[in-house]
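Enquirer: One file: coords-v3.txt (compact mmCIF, C-alpha atoms).
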```txt
# COMPACT_ATOMS: atom_id res chain seq x y z
CA PHE O 1 104.98 99.21 25.22
CA ARG O 2 103.63 99.09 28.71
CA ALA O 3 105.64 100.55 31.56
CA GLY O 4 105.87 97.12 33.23
CA ASP O 5 107.57 95.62 30.16
CA ILE O 6 110.51 98.06 30.29
CA THR O 7 113.26 96.94 32.71
CA GLU O 8 116.12 99.27 31.76
CA LEU O 9 116.69 102.36 29.62
CA LYS O 10 120.07 103.35 28.22
CA ILE O 11 121.21 106.14 25.93
CA LEU O 12 123.74 104.85 23.42
CA GLU O 13 126.35 106.91 21.67
CA ILE O 14 126.42 107.33 17.90
CA PRO O 15 128.60 104.58 16.45
CA GLY O 16 131.85 105.66 14.89
CA PRO O 17 133.17 104.79 11.45
CA GLY O 18 134.93 101.66 12.72
CA ASP O 19 132.09 100.42 14.86
CA SER O 20 130.19 97.52 13.34
CA ARG O 21 127.20 97.83 15.65
CA GLN O 22 123.95 98.75 14.06
CA CYS O 23 120.89 100.28 15.58
CA GLY O 24 118.63 97.67 13.96
CA ASP O 25 117.85 95.89 10.79
CA SER O 26 115.38 98.40 9.49
CA GLN O 27 115.72 101.34 11.93
CA GLN O 28 117.07 104.64 10.52
CA MET O 29 119.65 106.88 12.11
CA ASP O 30 119.09 110.62 11.93
CA THR O 31 122.56 112.23 11.99
CA ALA O 32 121.06 115.70 11.82
CA MET O 33 119.48 115.24 15.26
CA PRO O 34 122.01 115.81 18.04
CA GLY O 35 121.21 113.98 21.23
CA VAL O 36 119.26 111.28 19.41
CA GLY O 37 120.45 107.69 19.90
CA CYS O 38 119.29 104.14 19.87
CA GLN O 39 117.54 102.85 22.94
CA VAL O 40 117.21 99.18 23.68
CA GLY O 41 114.30 97.77 25.56
CA PRO O 42 113.18 94.23 26.09
CA SER O 43 110.13 92.98 24.29
CA GLN O 44 107.71 90.33 25.38
CA ASN O 45 109.65 87.55 23.65
CA GLY O 46 112.88 88.52 25.38
CA THR O 47 114.60 90.04 22.36
CA GLY O 48 115.85 93.57 22.36
CA LYS O 49 114.18 96.21 20.24
CA VAL O 50 115.70 99.47 19.16
CA LEU O 51 113.82 102.63 20.11
CA LYS O 52 114.45 106.28 19.30
CA LYS O 53 114.24 108.83 22.05
CA PRO O 54 114.44 112.44 20.85
CA SER O 55 116.03 115.04 23.01
CA SER O 56 113.72 117.17 25.13
CA ALA O 57 115.75 120.33 24.45
CA PRO O 58 113.83 123.04 22.54
CA GLN O 59 114.58 123.30 18.85
CA ASN O 60 115.29 126.54 17.02
CA ILE O 61 113.56 127.57 13.79
CA PRO O 62 115.89 126.96 10.83
CA ARG O 63 117.19 129.72 8.63
CA ARG O 64 116.42 129.79 4.95
CA THR O 65 119.93 128.77 3.90
CA ASP O 66 120.14 125.79 6.26
CA MET O 67 118.71 123.45 3.67
CA LYS O 68 121.75 123.88 1.47
CA SER O 69 123.69 121.61 3.80
CA GLN O 70 120.98 118.95 3.72
CA ASP O 71 120.60 118.52 -0.04
CA ILE O 72 122.70 115.29 0.03
CA VAL O 73 120.88 112.34 1.57
CA ILE O 74 123.08 109.69 3.26
CA SER O 75 122.20 106.10 4.10
CA PRO O 76 122.30 105.34 7.85
CA GLN O 77 124.59 102.27 7.23
CA GLN O 78 127.02 104.08 4.97
CA GLN O 79 130.69 103.50 5.83
CA CYS O 80 132.06 106.98 5.57
CA SER O 81 135.20 108.52 6.85
CA LYS O 82 135.46 110.32 10.17
CA SER O 83 136.52 113.54 8.45
CA TYR O 84 133.34 113.67 6.35
CA MET O 85 131.16 113.13 9.39
CA ASP O 86 133.01 115.79 11.34
CA ARG O 87 132.61 118.33 8.57
CA HIS O 88 128.94 117.47 8.22
CA MET O 89 128.25 117.73 11.93
CA GLU O 90 130.19 120.96 12.16
CA SER O 91 128.11 122.56 9.40
CA LEU O 92 124.95 121.53 11.17
CA SER O 93 126.06 122.72 14.56
CA GLN O 94 126.94 126.18 13.24
CA SER O 95 123.33 126.84 12.24
CA LYS O 96 120.78 127.81 14.88
CA GLY O 97 118.26 125.17 13.82
CA PHE O 98 117.31 122.74 11.12
CA ARG O 99 114.23 121.50 9.31
CA ARG O 100 113.48 117.82 9.15
CA ARG O 101 111.95 116.53 5.97
CA HIS O 102 109.99 113.31 5.61
CA ASN O 103 112.21 112.12 2.78
CA SER O 104 115.58 113.29 4.22
CA TRP O 105 117.08 109.89 4.77
CA SER O 106 116.78 106.90 2.50
CA SER O 107 116.11 103.35 3.60
CA SER O 108 118.93 101.01 4.66
CA SER O 109 118.39 98.71 1.69
CA ARG O 110 120.39 100.96 -0.61
CA HIS O 111 124.05 100.56 -1.27
CA PRO O 112 126.27 101.87 1.55
CA ASN O 113 128.33 104.05 -0.77
CA GLN O 114 125.43 105.24 -2.88
CA VAL O 115 124.35 108.89 -2.74
CA THR O 116 120.60 109.08 -3.19
CA PRO O 117 119.59 111.70 -5.73
CA LYS O 118 116.35 113.66 -5.42
CA LYS O 119 113.39 112.41 -7.34
CA SER O 120 112.71 114.13 -10.56
CA GLY O 121 109.35 114.81 -12.01
CA LEU O 122 106.86 117.59 -12.69
CA LYS O 123 105.33 117.52 -9.23
CA ASN O 124 108.62 117.33 -7.33
CA GLY O 125 110.12 119.89 -9.66
CA GLN O 126 107.31 122.28 -8.89
CA MET O 127 107.74 121.70 -5.18
CA LYS O 128 111.51 122.28 -5.49
CA SER O 129 110.97 125.54 -7.35
CA LYS O 130 108.49 126.65 -4.68
CA ASP O 131 110.92 125.73 -1.91
CA ASP O 132 113.71 127.64 -3.63
CA GLU O 133 111.43 130.63 -4.13
CA CYS O 134 110.41 130.65 -0.46
CA PHE O 135 113.60 129.51 1.28
CA GLY O 136 116.26 130.24 -1.34
CA ASP O 137 117.40 133.66 -0.10
CA ASP O 138 120.80 134.00 1.44
CA ILE O 139 120.91 134.53 5.19
CA ASP O 140 123.21 137.50 4.73
CA GLU O 141 120.46 139.37 2.89
CA ILE O 142 118.07 139.16 5.86
CA PRO O 143 118.44 142.25 8.09
CA ASP O 144 119.11 141.54 11.72
CA THR O 145 117.79 144.88 13.01
CA ASP O 146 114.09 145.82 13.20
CA PHE O 147 112.63 148.55 11.04
CA ASP O 148 112.54 151.92 12.82
CA PHE O 149 108.95 153.10 12.23
CA GLU O 150 109.17 156.10 14.54
CA GLY O 151 112.40 157.33 12.97
CA ASN O 152 111.03 157.09 9.44
CA LEU O 153 107.74 158.73 10.48
CA ALA O 154 109.68 161.65 11.98
CA LEU O 155 111.20 162.28 8.55
CA PHE O 156 107.70 163.06 7.15
CA ASP O 157 106.82 166.74 7.55
CA LYS O 158 103.00 166.70 7.50
CA ALA O 159 102.59 170.47 7.82
CA ALA O 160 104.81 171.14 4.82
CA VAL O 161 102.99 168.57 2.67
CA PHE O 162 99.52 169.95 3.48
CA GLU O 163 100.73 173.49 2.88
CA GLU O 164 101.97 172.43 -0.53
CA ILE O 165 98.60 170.80 -1.29
CA GLU O 166 96.67 173.90 -0.24
CA THR O 167 98.94 176.10 -2.34
CA TYR O 168 98.31 173.90 -5.36
CA GLU O 169 94.56 173.99 -4.76
CA ARG O 170 94.48 177.75 -4.55
CA ARG O 171 96.34 178.05 -7.81
CA SER O 172 94.41 175.40 -9.75
CA GLY O 173 91.02 175.83 -8.10
CA THR O 174 90.67 172.13 -7.33
CA ARG O 175 89.75 170.52 -4.03
CA SER O 176 91.51 167.61 -2.36
CA ARG O 177 89.67 164.63 -0.98
CA GLY O 178 91.65 164.60 2.25
CA THR O 179 91.39 168.30 3.19
CA PRO O 180 88.19 169.82 1.77
CA ASN O 181 88.13 173.60 1.70
CA GLU O 182 84.35 173.84 1.95
CA LYS O 183 81.61 171.75 3.50
CA PRO O 184 79.73 169.43 1.12
CA ALA O 185 76.18 170.31 0.27
CA ARG O 186 73.52 168.63 2.38
CA TYR O 187 70.23 167.58 0.83
CA ARG O 188 66.90 166.67 2.37
CA HIS O 189 65.16 163.39 1.60
CA ASP O 190 62.70 165.17 -0.72
CA GLU O 191 65.31 167.19 -2.66
CA ASN O 192 66.65 166.22 -6.04
CA ILE O 193 70.44 166.06 -6.27
CA LEU O 194 70.69 165.97 -10.06
CA GLU O 195 69.25 169.11 -11.61
CA SER O 196 68.73 169.17 -15.34
CA GLU O 197 67.88 172.87 -15.48
CA PRO O 198 67.83 175.76 -13.02
CA ILE O 199 64.75 176.03 -10.81
CA VAL O 200 62.39 178.95 -11.42
CA TYR O 201 60.90 179.77 -8.05
CA ARG O 202 58.50 182.45 -9.33
CA ARG O 203 56.19 180.57 -11.67
CA ILE O 204 52.97 182.41 -10.77
CA VAL O 205 52.69 186.00 -11.98
CA VAL O 206 49.58 188.09 -11.29
CA PRO O 207 48.65 191.23 -13.28
CA GLN O 208 48.52 193.41 -10.18
CA ASN O 209 51.27 194.06 -7.67
CA PRO O 210 50.55 191.60 -4.85
CA ASN O 211 50.11 193.02 -1.38
CA LYS O 212 51.59 189.90 0.19
CA GLU O 213 53.56 186.92 -1.01
CA PHE O 214 53.86 183.40 0.33
CA CYS O 215 56.21 180.51 -0.41
CA THR O 216 55.82 176.75 -0.30
CA ASP O 217 58.03 174.17 1.40
CA SER O 218 59.99 173.75 -1.84
CA GLY O 219 60.59 177.50 -2.14
CA LEU O 220 58.05 178.34 -4.87
CA VAL O 221 56.62 181.85 -4.57
CA VAL O 222 52.82 182.10 -4.43
CA PRO O 223 51.54 185.69 -4.67
CA SER O 224 48.28 186.82 -3.12
CA VAL O 225 45.41 188.25 -5.18
CA SER O 226 42.74 190.76 -4.38
CA TYR O 227 39.20 189.69 -3.62
CA GLU O 228 37.95 191.23 -6.91
CA LEU O 229 40.46 189.22 -8.98
CA HIS O 230 39.66 186.06 -7.01
CA LYS O 231 35.93 186.58 -7.59
CA LYS O 232 36.53 187.12 -11.32
CA LEU O 233 38.60 183.92 -11.46
CA LEU O 234 35.76 181.86 -9.92
CA ALA O 235 33.21 183.43 -12.29
CA VAL O 236 35.29 182.57 -15.39
CA ALA O 237 35.82 179.02 -14.12
CA GLU O 238 32.06 178.63 -13.59
CA LYS O 239 31.43 179.87 -17.11
CA HIS O 240 33.72 177.13 -18.47
CA GLY O 241 31.93 174.36 -16.56
CA LEU O 242 33.40 174.44 -13.05
CA THR O 243 30.01 174.95 -11.47
CA LEU O 244 29.32 175.92 -7.87
CA GLU O 245 28.39 172.34 -6.97
CA ARG O 246 31.72 171.04 -8.25
CA ARG O 247 33.60 173.74 -6.40
CA LEU O 248 31.71 173.01 -3.18
CA GLU O 249 32.49 169.32 -3.46
CA MET O 250 36.17 169.93 -4.13
CA THR O 251 36.41 172.40 -1.26
CA GLY O 252 34.68 169.98 1.10
CA VAL O 253 37.05 167.15 0.17
CA CYS O 254 40.21 169.27 0.65
CA ALA O 255 38.96 170.84 3.90
CA SER O 256 37.92 167.46 5.35
CA GLN O 257 41.30 165.96 4.38
CA MET O 258 43.10 168.75 6.21
CA ALA O 259 40.80 168.42 9.22
CA LEU O 260 41.40 164.66 9.40
CA SER O 261 45.14 165.22 9.48
CA LEU O 262 44.72 167.85 12.21
CA LEU O 263 42.64 165.41 14.26
CA GLY O 264 45.45 162.86 14.33
CA GLY O 265 45.21 161.06 11.01
CA PRO O 266 45.62 157.25 11.12
CA ASN O 267 46.78 157.32 14.74
CA ARG O 268 43.46 158.71 15.93
CA LEU O 269 41.09 157.44 13.27
CA ASN O 270 41.72 153.74 13.76
CA PRO O 271 39.07 150.97 13.86
CA LYS O 272 40.52 149.90 17.22
CA ASN O 273 39.84 153.37 18.67
CA VAL O 274 36.10 153.55 18.06
CA HIS O 275 35.63 154.59 21.69
CA GLN O 276 37.73 157.72 21.02
CA ARG O 277 35.84 159.27 18.14
CA PRO O 278 36.90 162.89 17.61
CA THR O 279 34.26 165.60 17.92
CA VAL O 280 34.13 168.56 15.52
CA ALA O 281 31.94 171.63 15.94
CA LEU O 282 31.05 173.11 12.53
CA LEU O 283 29.88 176.76 12.61
CA CYS O 284 28.22 177.82 9.34
CA GLY O 285 26.42 180.94 8.15
CA PRO O 286 23.59 181.27 5.57
CA HIS O 287 25.86 181.85 2.53
CA VAL O 288 28.15 180.03 0.09
CA LYS O 289 30.92 179.84 2.70
CA GLY O 290 28.49 178.04 4.97
CA ALA O 291 27.68 175.59 2.16
CA GLN O 292 31.38 174.81 1.87
CA GLY O 293 31.46 174.04 5.60
CA ILE O 294 28.44 171.75 5.34
CA SER O 295 30.13 169.83 2.52
CA CYS O 296 33.21 169.43 4.71
CA GLY O 297 31.05 168.20 7.62
CA ARG O 298 29.45 165.55 5.41
CA HIS O 299 32.84 164.10 4.43
CA LEU O 300 34.03 164.17 8.04
CA SER O 301 30.92 162.33 9.19
CA ASN O 302 31.48 159.73 6.48
CA HIS O 303 34.92 159.11 8.04
CA ASP O 304 33.41 158.29 11.43
CA VAL O 305 33.91 161.73 12.99
CA HIS O 306 31.24 163.05 15.37
CA VAL O 307 30.12 166.31 13.67
CA ILE O 308 27.91 168.91 15.33
CA LEU O 309 26.66 171.40 12.70
CA PHE O 310 25.43 174.81 13.79
CA LEU O 311 23.28 176.70 11.26
CA PRO O 312 20.85 179.46 12.24
CA ASN O 313 17.19 179.25 11.19
CA PHE O 314 16.27 181.36 8.20
CA VAL O 315 12.99 181.51 6.34
CA LYS O 316 14.70 181.36 2.95
CA MET O 317 17.96 179.49 2.31
CA LEU O 318 20.22 179.40 -0.71
CA GLU O 319 19.77 176.46 -3.03
CA SER O 320 23.34 175.33 -2.48
CA ILE O 321 22.80 175.27 1.29
CA THR O 322 19.56 173.32 0.89
CA ASN O 323 21.23 170.71 -1.27
CA GLU O 324 24.15 170.32 1.12
CA LEU O 325 21.83 170.06 4.13
CA ASN O 326 19.85 167.35 2.37
CA LEU O 327 23.02 165.30 1.91
CA PHE O 328 24.24 166.02 5.43
CA SER O 329 20.98 164.78 6.94
CA LYS O 330 21.70 161.33 5.49
CA THR O 331 24.81 161.00 7.68
CA GLN O 332 25.17 160.47 11.42
CA GLY O 333 26.00 164.14 11.94
CA GLN O 334 23.98 166.31 14.33
CA GLN O 335 22.46 169.65 13.28
CA VAL O 336 21.60 172.38 15.81
CA SER O 337 20.31 175.94 15.41
CA SER O 338 20.83 177.27 18.94
CA VAL O 339 24.02 178.00 20.83
CA LYS O 340 22.59 176.22 23.87
CA ASP O 341 22.70 172.93 21.98
CA LEU O 342 26.45 173.19 21.40
CA PRO O 343 28.62 171.09 23.75
CA ASP O 344 29.79 172.66 27.00
CA THR O 345 33.04 170.70 27.08
CA PRO O 346 35.92 171.46 24.70
CA VAL O 347 35.75 169.70 21.36
CA ASP O 348 38.65 168.42 19.28
CA LEU O 349 38.31 170.97 16.48
CA VAL O 350 36.17 173.99 15.56
CA ILE O 351 35.65 174.74 11.87
CA ASN O 352 34.65 178.35 11.29
CA CYS O 353 32.49 179.19 8.25
CA LEU O 354 30.52 182.08 9.80
CA ASP O 355 32.18 185.01 8.04
CA CYS O 356 31.48 186.11 4.51
CA HIS O 357 33.25 188.47 2.13
CA GLU O 358 30.15 190.55 1.30
CA ASN O 359 27.40 190.20 3.93
CA ALA O 360 29.00 192.16 6.74
CA PHE O 361 25.64 192.83 8.45
CA LEU O 362 25.62 189.26 9.82
CA ARG O 363 28.18 190.29 12.45
CA ASP O 364 25.51 192.41 14.14
CA GLN O 365 23.08 189.50 14.54
CA PRO O 366 22.55 188.12 18.09
CA TRP O 367 23.17 184.52 17.06
CA TYR O 368 26.49 185.52 15.46
CA LYS O 369 27.75 187.19 18.63
CA ALA O 370 26.60 184.24 20.78
CA VAL O 371 28.40 181.72 18.56
CA VAL O 372 31.59 183.83 18.56
CA ASP O 373 31.51 183.99 22.37
CA TRP O 374 31.04 180.22 22.59
CA ALA O 375 33.95 179.58 20.21
CA ASN O 376 36.26 181.94 22.12
CA GLN O 377 35.37 180.34 25.44
CA ASN O 378 35.87 176.82 24.10
CA ARG O 379 39.53 175.90 24.24
CA ALA O 380 39.52 173.95 20.97
CA PRO O 381 41.74 174.95 18.01
CA VAL O 382 39.99 176.71 15.12
CA LEU O 383 40.24 176.03 11.39
CA SER O 384 38.83 178.78 9.20
CA ILE O 385 37.74 177.97 5.62
CA ASP O 386 38.14 180.78 3.06
CA PRO O 387 38.25 183.63 5.60
CA PRO O 388 37.66 187.25 4.52
CA ILE O 389 40.45 189.75 4.08
CA SER O 390 39.49 192.31 6.71
CA GLU O 391 40.66 191.36 10.16
CA MET O 392 37.79 193.30 11.67
CA GLU O 393 35.38 190.72 10.27
CA LEU O 394 37.20 187.86 11.98
CA GLY O 395 35.47 187.53 15.31
CA ILE O 396 37.21 184.21 16.03
CA ASP O 397 40.98 183.89 16.07
CA ALA O 398 42.00 180.96 13.87
CA LYS O 399 44.99 178.70 14.25
CA TRP O 400 44.81 177.56 10.61
CA SER O 401 43.18 179.08 7.52
CA LEU O 402 42.45 177.35 4.24
CA ALA O 403 42.55 179.44 1.03
CA LEU O 404 41.02 178.34 -2.28
CA GLY O 405 42.97 178.39 -5.55
CA LEU O 406 45.11 181.45 -4.77
CA PRO O 407 45.48 183.05 -1.32
CA LEU O 408 44.10 186.39 -0.28
CA PRO O 409 46.32 188.85 1.63
CA LEU O 410 45.31 187.49 5.02
CA GLY O 411 46.46 189.04 8.28
CA GLU O 412 48.02 187.61 11.39
CA ARG O 413 44.72 186.60 12.97
CA ALA O 414 44.22 184.07 10.18
CA GLY O 415 46.95 181.87 11.66
CA ARG O 416 48.94 179.59 9.46
CA VAL O 417 47.72 179.68 5.88
CA TYR O 418 47.13 176.58 3.76
CA LEU O 419 46.22 176.46 0.09
CA CYS O 420 43.96 173.88 -1.57
CA ASP O 421 43.47 173.00 -5.23
CA ILE O 422 39.83 173.35 -6.28
CA GLY O 423 40.40 172.18 -9.86
CA ILE O 424 40.68 175.45 -11.82
CA PRO O 425 42.33 174.75 -15.22
CA GLN O 426 45.49 176.58 -16.25
CA LYS O 427 43.87 178.33 -19.23
CA VAL O 428 41.25 179.82 -16.94
CA PHE O 429 44.06 181.52 -15.02
CA GLN O 430 45.53 182.79 -18.29
CA GLU O 431 42.15 184.17 -19.33
CA VAL O 432 42.04 186.47 -16.31
CA GLY O 433 45.66 187.55 -16.85
CA ILE O 434 47.45 185.22 -14.40
CA ASN O 435 50.51 183.31 -15.58
CA TYR O 436 49.96 180.17 -13.54
CA HIS O 437 51.94 176.99 -12.92
CA SER O 438 50.64 174.60 -10.28
CA PRO O 439 52.61 174.70 -6.99
CA PHE O 440 50.81 171.67 -5.50
CA GLY O 441 52.96 168.89 -6.91
CA CYS O 442 51.55 165.55 -5.68
CA LYS O 443 49.26 167.09 -3.02
CA PHE O 444 45.94 168.90 -2.98
CA VAL O 445 46.59 170.87 0.23
CA ILE O 446 49.97 172.55 0.85
CA PRO O 447 51.18 174.90 3.61
CA LEU O 448 52.21 178.47 2.82
CA HIS O 449 54.84 180.51 4.63
CA SER O 450 55.00 184.30 4.86
CA THR O 451 57.98 185.85 3.09
```
Let's see the structure in the file written out as structure tokens.
Expert:
Amino acid sequence: FRAGDITELKILEIPGPGDSRQCGDSQQMDTAMPGVGCQVGPSQNGTGKVLKKPSSAPQNIPRRTDMKSQDIVISPQQQCSKSYMDRHMESLSQSKGFRRRHNSWSSSSRHPNQVTPKKSGLKNGQMKSKDDECFGDDIDEIPDTDFDFEGNLALFDKAAVFEEIETYERRSGTRSRGTPNEKPARYRHDENILESEPIVYRRIVVPQNPNKEFCTDSGLVVPSVSYELHKKLLAVAEKHGLTLERRLEMTGVCASQMALSLLGGPNRLNPKNVHQRPTVALLCGPHVKGAQGISCGRHLSNHDVHVILFLPNFVKMLESITNELNLFSKTQGQQVSSVKDLPDTPVDLVINCLDCHENAFLRDQPWYKAVVDWANQNRAPVLSIDPPISEMELGIDAKWSLALGLPLPLGERAGRVYLCDIGIPQKVFQEVGINYHSPFGCKFVIPLHST
């Protein structure tokens, strides 16, 4: 209806049992709604029409037992006695609220004295059982006071309970999840948590009492050997087919791999950084150690490293040096024989292969002293390949030293010691009296730590 069509609004009282007025032909009367009456308003054709206006007062939420008084559905036109209506209204007014249902009141077409039963059926029966399960509790069973959480928590003696748990743990030897007695073990990313058998950290045993022992990152003990035993080991390996050429190639590969990692690895040696090529000064003597350095320089030059090779001029060279120089000349590396041709500015890395285990007279040569002075004045770090044992023979202090097969008892001037695998079989070690088990794992060059 529009507001202009309404001329007057009136609130009518609920008709009594003797009143014959009706709220309409088909309009229903909700007796459970106090303050609800019939409202008459004119329609467009002049006839009155019955309207329902609910009360604006707030409604309370019904209790669970309120529906017991609404199980009987009454027709709005039923002629009932005033006493029944009074009792019904009194029972409703005593409750704090009510719940209206869509099928509470039947239509006016039923008999006035007929009491409408609830529909039966599987679906309605299930709904009735669910309603009884949810709302069927008595209101007297619902506590009116709130639960006292603080009071009940105060009854719990935490100190006594934990003391009882600790006493039980000490007696039984078990550990609780909530209060651990010891810190859990922490493992690194490269450590195995499940161990099938105990680890044997000393898996290399030499026939002689080692002067010095090292250990790997995983804790394996690597003993040092004397120069005589190391020389015998290389001779037996060469007799079984590990020739000098193979050993030089393997040493050059391992030394160049270590040098590449010291130069910066993939961060430095990147195709996008061709304008920042690292420079390596390679100092070699006229002996097998020098041939190892030349092999390393060839591999470095193949990896786009600027290599400057220093080798003094000799009338007669070893065959191994001649072969390595022939291969090195096919690379982009630069070979010099004078100290004056070495760079004046600091280089990225100096590889020292000047010293030898046997030819100690080379230290008295003028070229040797000049090269040692140049290396000490250049502020570049030094990598020494297979340095000798005596510290007096080391004219250049090294930051890193690379040992072959098994380490020698190197001193402090050798710097940090690394060990490389040159391919000596296990039975060759056993033949010279060394009980050997490889400590390299998945690598060919590993660091060693002093014990």
Enquirer: Excluding Ser337 in chain O and its own-chain neighbours fewer than 2 positions away, which residues fall within 12 Å of it when counting all atoms listed in the file? Please give them as JSON, numbers by chain.
Expert: {"O": [282, 283, 284, 285, 286, 308, 309, 310, 311, 312, 313, 314, 334, 335, 339, 340, 341, 342, 367, 368, 370, 371]}
Enquirer: Env of range 204-211 of chain O: 7 Å cut, atoms = all atoms listed in the file, seq-sep filter 6 positions within chain, self excluded. Answer as a VMD selection string.
Expert: chain O and resid 222 to 225 409 433 to 437
Enquirer: Grab the CA of Cys215 in chain O to CA of Arg203 in chain O distance for me, in Å with one decimal place.
Expert: 11.3 Å
Enquirer: Report, in Å with one decimal, the straight-line distance from CA of Ile446 in chain O to CA of Ala414 in chain O.
Expert: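 Interatomic distance, CA of Ile446 in chain O to CA of Ala414 in chain O: 15.9 Å.
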Enquirer: Counting all atoms listed in the file, what is within 10 Å of Thr216 in chain O, bar same-chain residues fewer than 6 positions away, as a VMD selection string?
Expert: chain O and resid 201 222 418 to 419 439 to 440 446 to 451
Enquirer: Which residues, written as a ChimeraX atom specification, have at least one atom at most 8 Å from Val305 in chain O, with all atoms listed in the file counted and residues fewer than 6 positions away on the same chain left out?
Expert: /O:277-280
Enquirer: Pick from O:Leu354, O:Val236, O:Glu150, O:Val382: nearest to Leu262 in chain O, with only C-alpha atoms counted?
Expert: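 Closest candidate: O:Val382.
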Enquirer: Identify, on the basis of all atoms listed in the file, every residue whose closest approach to Lys399 in chain O does not exceed 10 Å; exclude the query and any residue fewer than 3 positions from it along the same chain; express the result as number ranges by chain.
Expert: O: 380-384, 396, 412-417
Enquirer: For the residues in that selection, give me C-alpha atoms as a PDB file, keeping the file's coordinate frame.
Expert:
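Produced file selection37.pdb, reproduced below:
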```pdb
ATOM      1  CA  ALA O 380      39.520 173.950  20.970  1.00  0.00           C
ATOM      2  CA  PRO O 381      41.740 174.950  18.010  1.00  0.00           C
ATOM      3  CA  VAL O 382      39.990 176.710  15.120  1.00  0.00           C
ATOM      4  CA  LEU O 383      40.240 176.030  11.390  1.00  0.00           C
ATOM      5  CA  SER O 384      38.830 178.780   9.200  1.00  0.00           C
ATOM      6  CA  ILE O 396      37.210 184.210  16.030  1.00  0.00           C
ATOM      7  CA  GLU O 412      48.020 187.610  11.390  1.00  0.00           C
ATOM      8  CA  ARG O 413      44.720 186.600  12.970  1.00  0.00           C
ATOM      9  CA  ALA O 414      44.220 184.070  10.180  1.00  0.00           C
ATOM     10  CA  GLY O 415      46.950 181.870  11.660  1.00  0.00           C
ATOM     11  CA  ARG O 416      48.940 179.590   9.460  1.00  0.00           C
ATOM     12  CA  VAL O 417      47.720 179.680   5.880  1.00  0.00           C
TER      13      VAL O 417
END
```
Enquirer: Hey, can you check how far CA of Val221 in chain O sits from CA of Asn192 in chain O?
Expert: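 Taking CA of Val221 in chain O and CA of Asn192 in chain O, their separation equals 18.6 Å.
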Enquirer: Point out the residue among O:Asn302, O:Ser295, O:Asn270, O:Asn352 with the least atom-to-atom distance to Glu324 in chain O, counting all atoms listed in the file.
Expert: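 For Glu324 in chain O, the nearest of the given residues is O:Ser295.
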Enquirer: Let me make sure I understand: among O:Lys231, O:Ser438, O:Leu242, O:Met258, which one has the smallest atom-to-atom distance to Gln426 in chain O if we use only C-alpha atoms?
Expert: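 Looking only at the distances to Gln426 in chain O, the closest residue turns out to be O:Ser438.
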Enquirer: Measuring atom to atom with all atoms listed in the file, identify which of O:Leu260, O:Leu327, O:Ser320, O:Ile11 is nearest to Asp304 in chain O.
Expert: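 Among O:Leu260, O:Leu327, O:Ser320, O:Ile11, it is O:Leu260 that comes nearest to Asp304 in chain O.
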Enquirer: Nearest residue to Ser338 in chain O out of O:Trp374, O:Leu9, O:Asp146, O:Val307, using only C-alpha atoms?
Expert: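 Closest candidate: O:Trp374.
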Enquirer: Just checking: using all atoms listed in the file, which residue out of O:Arg363, O:Gly441, O:Lys289, O:Lys427 ends up closest to Leu404 in chain O?
Expert: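 For Leu404 in chain O, the nearest of the candidates is O:Lys289.
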